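entry_10.csv follows (CSV, C-alpha atoms):
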chain,number,residue,atom,x,y,z
A,1,MET,CA,56.5,-127.3,153.7
A,2,ASN,CA,53.6,-127.9,151.4
A,3,ASN,CA,50.0,-128.7,151.3
A,4,ASN,CA,50.1,-132.4,150.7
A,5,ASN,CA,50.2,-135.4,153.2
A,6,GLN,CA,53.9,-135.0,153.8
A,7,ILE,CA,53.4,-131.9,156.0
A,8,CYS,CA,53.5,-132.5,159.7
A,9,PRO,CA,50.0,-131.9,161.0
A,10,TRP,CA,49.7,-128.9,163.4
A,11,TRP,CA,48.6,-131.1,166.3
A,12,MET,CA,51.8,-133.2,166.0
A,13,GLY,CA,53.6,-130.0,167.1
A,14,TYR,CA,52.7,-130.9,170.7
A,15,ALA,CA,54.5,-134.2,170.4
A,16,LEU,CA,57.6,-132.4,169.2
A,17,LEU,CA,57.8,-130.4,172.5
A,18,ILE,CA,58.1,-133.4,174.8
A,19,PRO,CA,61.0,-133.0,177.3
A,20,LEU,CA,62.2,-136.5,176.6
A,21,ARG,CA,63.2,-135.3,173.1
A,22,LYS,CA,66.2,-133.5,174.7
A,23,LEU,CA,67.9,-136.9,175.3
A,24,GLY,CA,68.5,-137.3,171.6
A,25,GLN,CA,68.0,-133.8,170.3
A,26,ASN,CA,69.3,-131.3,172.9
A,27,PRO,CA,68.9,-127.8,171.3
A,28,HIS,CA,71.8,-126.4,173.3
A,29,LYS,CA,74.2,-129.1,172.2
A,30,ILE,CA,73.0,-129.0,168.6
A,31,LEU,CA,72.9,-125.2,168.2
A,32,GLY,CA,75.6,-124.2,170.8
A,33,PRO,CA,78.5,-124.2,168.3
A,34,TYR,CA,76.6,-121.9,165.8
A,35,VAL,CA,74.3,-119.5,167.8
A,36,SER,CA,75.6,-116.8,170.2
A,37,LYS,CA,74.5,-113.5,171.7
A,38,GLY,CA,73.4,-110.7,169.4
A,39,MET,CA,73.0,-112.9,166.3
A,40,THR,CA,70.1,-112.8,163.9
A,41,VAL,CA,69.0,-116.4,163.3
A,42,MET,CA,66.1,-118.3,161.6
A,43,ASP,CA,64.3,-121.5,162.5
A,44,TYR,CA,62.7,-122.4,159.1
A,45,GLY,CA,60.0,-124.9,159.8
A,46,SER,CA,59.8,-123.8,163.4
A,47,ALA,CA,56.5,-125.5,164.3
A,48,MET,CA,55.8,-124.7,168.0
A,49,GLY,CA,59.3,-123.6,168.7
A,50,TYR,CA,61.2,-126.6,170.1
A,51,PHE,CA,64.4,-125.1,168.8
A,52,SER,CA,63.2,-121.4,168.5
A,53,LEU,CA,62.9,-120.7,172.2
A,54,PRO,CA,66.4,-122.1,173.0
A,55,MET,CA,67.7,-120.1,170.1
A,56,ALA,CA,66.1,-116.9,171.5
A,57,LYS,CA,67.8,-117.6,174.9
A,58,MET,CA,71.2,-118.1,173.1
A,59,THR,CA,70.9,-114.8,171.0
A,60,GLY,CA,69.7,-112.9,174.1
A,61,ASP,CA,67.9,-109.6,174.1
A,62,SER,CA,70.2,-108.1,171.4
A,63,GLY,CA,69.4,-111.0,169.0
A,64,LYS,CA,66.5,-111.9,166.7
A,65,VAL,CA,65.0,-115.2,165.9
A,66,TYR,CA,62.8,-115.4,162.8
A,67,CYS,CA,60.5,-118.4,163.0
A,68,VAL,CA,59.0,-119.5,159.7
A,69,ASP,CA,56.2,-122.0,159.3
A,70,ILE,CA,53.4,-122.7,156.9
A,71,GLN,CA,50.8,-123.4,159.6
A,72,LYS,CA,49.2,-120.5,161.4
A,73,LYS,CA,48.3,-122.7,164.4
A,74,MET,CA,51.9,-123.8,164.9
A,75,LEU,CA,53.0,-120.1,165.0
A,76,GLU,CA,50.1,-119.1,167.3
A,77,LYS,CA,51.3,-121.7,169.8
A,78,LEU,CA,54.9,-120.6,169.3
A,79,SER,CA,53.9,-117.0,170.0
A,80,LYS,CA,52.1,-118.0,173.2
A,81,ARG,CA,55.1,-120.1,174.4
A,82,ALA,CA,57.4,-117.1,173.6
A,83,ARG,CA,55.2,-114.7,175.6
A,84,ASN,CA,55.1,-117.1,178.6
A,85,ALA,CA,59.0,-117.4,178.4
A,86,ARG,CA,59.3,-113.6,178.1
A,87,LEU,CA,61.1,-114.1,174.7
A,88,ASP,CA,58.5,-112.5,172.5
A,89,HIS,CA,60.6,-109.5,171.9
A,90,VAL,CA,63.3,-111.7,170.4
A,91,ILE,CA,61.1,-114.1,168.4
A,92,GLU,CA,59.3,-113.0,165.3
A,93,PRO,CA,56.9,-115.5,163.7
A,94,LEU,CA,56.7,-115.4,159.9
A,95,LEU,CA,53.9,-117.2,158.1
A,96,LEU,CA,54.7,-118.6,154.6
A,97,GLY,CA,52.5,-116.9,152.0
A,98,GLU,CA,51.9,-113.9,154.3
A,99,SER,CA,54.5,-112.3,156.4
A,100,TYR,CA,57.5,-114.3,155.2
A,101,ASN,CA,59.5,-112.3,152.6
A,102,PRO,CA,63.1,-113.5,151.9
A,103,GLU,CA,63.8,-110.2,149.9
A,104,MET,CA,63.3,-108.2,153.1
A,105,LEU,CA,65.8,-110.3,155.0
A,106,LYS,CA,68.5,-110.2,152.2
A,107,ASN,CA,72.0,-110.7,153.7
A,108,GLN,CA,70.7,-110.3,157.3
A,109,VAL,CA,70.7,-113.7,158.8
A,110,ASP,CA,73.8,-115.2,160.6
A,111,PHE,CA,72.5,-118.7,161.0
A,112,ILE,CA,69.6,-120.7,159.7
A,113,LEU,CA,68.3,-124.0,161.0
A,114,LEU,CA,66.6,-126.4,158.6
A,115,PHE,CA,65.7,-129.3,160.9
A,116,ALA,CA,63.6,-132.1,159.5
A,117,VAL,CA,61.8,-129.7,157.1
A,118,VAL,CA,63.4,-129.7,153.6
A,119,HIS,CA,61.7,-132.9,152.6
A,120,GLU,CA,58.3,-131.2,153.1
A,121,VAL,CA,59.1,-128.3,150.8
A,122,PRO,CA,57.7,-128.7,147.3
A,123,ASP,CA,60.4,-126.5,145.6
A,124,ARG,CA,63.7,-127.2,147.3
A,125,ASP,CA,65.6,-125.4,144.7
A,126,GLN,CA,63.7,-122.2,145.5
A,127,LEU,CA,64.1,-122.8,149.2
A,128,PHE,CA,67.9,-123.0,149.0
A,129,ARG,CA,68.0,-119.9,146.7
A,130,ASP,CA,65.9,-118.0,149.3
A,131,ILE,CA,68.0,-119.3,152.2
A,132,TYR,CA,71.2,-118.3,150.4
A,133,LYS,CA,69.8,-114.8,149.7
A,134,MET,CA,69.0,-114.3,153.4
A,135,THR,CA,72.3,-115.6,154.8
A,136,LYS,CA,75.0,-113.1,155.5
A,137,SER,CA,78.4,-113.6,154.0
A,138,GLY,CA,80.2,-116.0,156.4
A,139,GLY,CA,76.9,-117.2,157.7
A,140,SER,CA,75.9,-120.9,158.0
A,141,VAL,CA,73.0,-123.2,157.7
A,142,LEU,CA,72.5,-126.4,159.8
A,143,PHE,CA,70.6,-128.8,157.5
A,144,ALA,CA,69.4,-132.0,159.0
A,145,GLU,CA,66.8,-134.5,157.8
A,146,PRO,CA,65.2,-137.6,159.6
A,147,ALA,CA,66.7,-140.8,158.2
A,148,ALA,CA,63.4,-142.5,158.8
A,149,HIS,CA,61.7,-140.2,156.3
A,150,VAL,CA,64.5,-139.2,153.9
A,151,SER,CA,66.8,-141.5,151.8
A,152,VAL,CA,70.5,-140.8,151.6
A,153,GLN,CA,69.9,-140.2,147.8
A,154,HIS,CA,67.2,-137.6,148.5
A,155,PHE,CA,69.5,-135.9,151.1
A,156,LYS,CA,72.4,-135.8,148.7
A,157,HIS,CA,70.2,-134.3,146.0
A,158,SER,CA,69.2,-131.5,148.4
A,159,LEU,CA,72.8,-130.9,149.2
A,160,LYS,CA,73.5,-130.6,145.4
A,161,LEU,CA,70.6,-128.0,145.2
A,162,ALA,CA,72.1,-126.1,148.1
A,163,GLN,CA,75.5,-126.0,146.4
A,164,GLU,CA,73.9,-124.9,143.1
A,165,ALA,CA,72.3,-122.0,145.1
A,166,GLY,CA,75.9,-120.9,146.1
A,167,PHE,CA,76.5,-122.7,149.5
A,168,GLY,CA,79.7,-124.4,150.3
A,169,LEU,CA,79.7,-127.6,152.3
A,170,SER,CA,81.7,-127.7,155.5
A,171,GLU,CA,83.8,-130.8,156.2
A,172,ASN,CA,82.4,-130.7,159.8
A,173,LYS,CA,79.3,-132.8,160.3
A,174,PRO,CA,77.1,-130.9,162.8
A,175,MET,CA,75.4,-134.0,164.2
A,176,PRO,CA,77.1,-137.3,164.6
A,177,LYS,CA,74.1,-139.5,163.7
A,178,GLY,CA,71.7,-139.2,160.8
A,179,LEU,CA,71.6,-137.0,157.8
A,180,SER,CA,73.1,-133.6,158.5
A,181,ALA,CA,75.4,-131.0,156.9
A,182,LEU,CA,76.7,-127.5,157.6
A,183,LEU,CA,76.3,-125.2,154.7
A,184,VAL,CA,78.4,-122.0,154.6
A,185,LYS,CA,78.1,-118.8,152.5

This structure in structure tokens:
Amino acid sequence: MNNNNQICPWWMGYALLIPLRKLGQNPHKILGPYVSKGMTVMDYGSAMGYFSLPMAKMTGDSGKVYCVDIQKKMLEKLSKRARNARLDHVIEPLLLGESYNPEMLKNQVDFILLFAVVHEVPDRDQLFRDIYKMTKSGGSVLFAEPAAHVSVQHFKHSLKLAQEAGFGLSENKPMPKGLSALLVK
């Protein structure tokens, strides 16, 4: 997530919320194997919360969902959606450059979702080091990129950076189509 043209404009966040999206990217099917009651999870690049709200329902009242984004307008809409769904006590929006601090979440997160966001990050090496720092021992990261925007070579380079940060690579592919991997600590 950076300040150049690669970043998804905030107003596109509304298009990411369309119900038709569930046909190809059903949050419960994608996240169900990894997120459960009481977990602390993170949606890095959360936008307006397409995955965040289902994650909050999956973690329940005893869980926590940290939602990280670089765009304040995205997080404002996410917060409103969380209040309307009565999930605002589970969801905590974190703005990059302001309230987001990986050091404060060191070894606290069970699961992190990196869905169609890593290609927008200017320093992927630092991203994976931060993600590794926040992930609990035994925790995992679902990393997926859109094949329409990211080459296989670019995805493999990101996987290499994740492994250099300390992550292992699971043999299980989390999503049958496209570019995805499950990283484990």

Listing only residues of region 72-134 of chain A within 6 Å of region 148-165 of chain A, what is the closest atom pair and its distance in Å (to one decimal) for each, using only C-alpha atoms, sorted by chain and residue number ascending, as JSON lines?
{"residue": "A:Asp125", "atom": "CA", "partner": "A:Leu161", "partner_atom": "CA", "distance": 5.7}
{"residue": "A:Phe128", "atom": "CA", "partner": "A:Ala162", "partner_atom": "CA", "distance": 5.3}
{"residue": "A:Arg129", "atom": "CA", "partner": "A:Ala165", "partner_atom": "CA", "distance": 5.0}

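If you measure from each of A:Glu92, A:Asp130, A:Asp110, A:Asp123 to Val184 (chain A) using all atoms listed in the file, the closest one turns out to be A:Asp110.
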
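The smallest atom-to-atom distance between Lys185 (chain A) and any of A:Ser170, A:Gly138, A:Met48, A:Phe143, using only C-alpha atoms, is found for A:Gly138.
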
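Separating CA of Cys67 (chain A) from CA of Lys177 (chain A) is a distance of 25.1 Å.
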
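CA of Asn107 (chain A) lies 24.7 Å from CA of Glu120 (chain A).
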
Note to self: Set the distance at 12 Å and use all atoms listed in the file: which residues neighbour Lys57 (chain A) once local chain neighbours fewer than 4 positions away are removed? I'd like the list as an MDAnalysis selection string.
What the structure shows: chainID A and resid 27:28 31:32 35:39 41 51:53 61:65 82 85:91

Item checked: Atom-to-atom span, CA of Glu76 (chain A) and CA of Lys106 (chain A), Å -> 25.4 Å

Notebook entry, point to check: Do you know which residues lie at most 8 Å from (66.3, -114.2, 152.6), with coordinates as in the file and all atoms listed in the file counted, and could you write them as a ChimeraX atom specification?
Noted result: /A:101-109,130-135

Residue subset to file, keeping C-alpha atoms, as a PDB file, keeping the file's coordinate frame:
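The resulting file, result-v5.pdb, is shown below:
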ATOM      1  CA  ASN A 101      59.500-112.300 152.600  1.00  0.00           C
ATOM      2  CA  PRO A 102      63.100-113.500 151.900  1.00  0.00           C
ATOM      3  CA  GLU A 103      63.800-110.200 149.900  1.00  0.00           C
ATOM      4  CA  MET A 104      63.300-108.200 153.100  1.00  0.00           C
ATOM      5  CA  LEU A 105      65.800-110.300 155.000  1.00  0.00           C
ATOM      6  CA  LYS A 106      68.500-110.200 152.200  1.00  0.00           C
ATOM      7  CA  ASN A 107      72.000-110.700 153.700  1.00  0.00           C
ATOM      8  CA  GLN A 108      70.700-110.300 157.300  1.00  0.00           C
ATOM      9  CA  VAL A 109      70.700-113.700 158.800  1.00  0.00           C
ATOM     10  CA  ASP A 130      65.900-118.000 149.300  1.00  0.00           C
ATOM     11  CA  ILE A 131      68.000-119.300 152.200  1.00  0.00           C
ATOM     12  CA  TYR A 132      71.200-118.300 150.400  1.00  0.00           C
ATOM     13  CA  LYS A 133      69.800-114.800 149.700  1.00  0.00           C
ATOM     14  CA  MET A 134      69.000-114.300 153.400  1.00  0.00           C
ATOM     15  CA  THR A 135      72.300-115.600 154.800  1.00  0.00           C
TER      16      THR A 135
END

Region 68-71 of chain A: which residues within 8 Å, counting all atoms listed in the file, same-chain residues fewer than 3 positions away excluded, as a short mmCIF file (atom, residue, chain, number, x, y, z; two decimals) with C-alpha atoms, in the frame of the given file?
data_model
loop_
_atom_site.label_atom_id
_atom_site.label_comp_id
_atom_site.auth_asym_id
_atom_site.auth_seq_id
_atom_site.Cartn_x
_atom_site.Cartn_y
_atom_site.Cartn_z
CA MET A 1 56.50 -127.30 153.70
CA ASN A 2 53.60 -127.90 151.40
CA TRP A 10 49.70 -128.90 163.40
CA MET A 42 66.10 -118.30 161.60
CA ASP A 43 64.30 -121.50 162.50
CA TYR A 44 62.70 -122.40 159.10
CA GLY A 45 60.00 -124.90 159.80
CA SER A 46 59.80 -123.80 163.40
CA ALA A 47 56.50 -125.50 164.30
CA MET A 74 51.90 -123.80 164.90
CA LEU A 75 53.00 -120.10 165.00
CA PRO A 93 56.90 -115.50 163.70
CA LEU A 94 56.70 -115.40 159.90
CA LEU A 95 53.90 -117.20 158.10
CA LEU A 96 54.70 -118.60 154.60
CA GLY A 97 52.50 -116.90 152.00
CA TYR A 100 57.50 -114.30 155.20
#

Check: Could you pull the residues within 7 Å of Leu179 (chain A), counting only C-alpha atoms, minus those fewer than 2 positions along the same chain, as a ChimeraX atom specification?
Finding: /A:144-147,177

How would the residues just picked look written out with C-alpha atoms as a PDB file, in the coordinates of the input?
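The resulting file, again-v8.pdb, is reproduced below:
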ATOM      1  CA  ALA A 144      69.400-132.000 159.000  1.00  0.00           C
ATOM      2  CA  GLU A 145      66.800-134.500 157.800  1.00  0.00           C
ATOM      3  CA  PRO A 146      65.200-137.600 159.600  1.00  0.00           C
ATOM      4  CA  ALA A 147      66.700-140.800 158.200  1.00  0.00           C
ATOM      5  CA  LYS A 177      74.100-139.500 163.700  1.00  0.00           C
TER       6      LYS A 177
END

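Closest approach to Gly139 (chain A) among A:Ala181, A:Phe115, A:Thr40, A:Thr59: A:Thr40, based on only C-alpha atoms.
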
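Comparing A:Ala116, A:Gly60, A:Pro122, A:Arg81 by their smallest distance to Gly178 (chain A), the closest is A:Ala116 (using only C-alpha atoms).
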
Notebook entry, point to check: From the set A:Gln25, A:Leu113, A:Lys136, A:Arg83, which residue has the shortest atom-to-atom contact distance to Met55 (chain A), counting all atoms listed in the file?
Noted result: A:Leu113
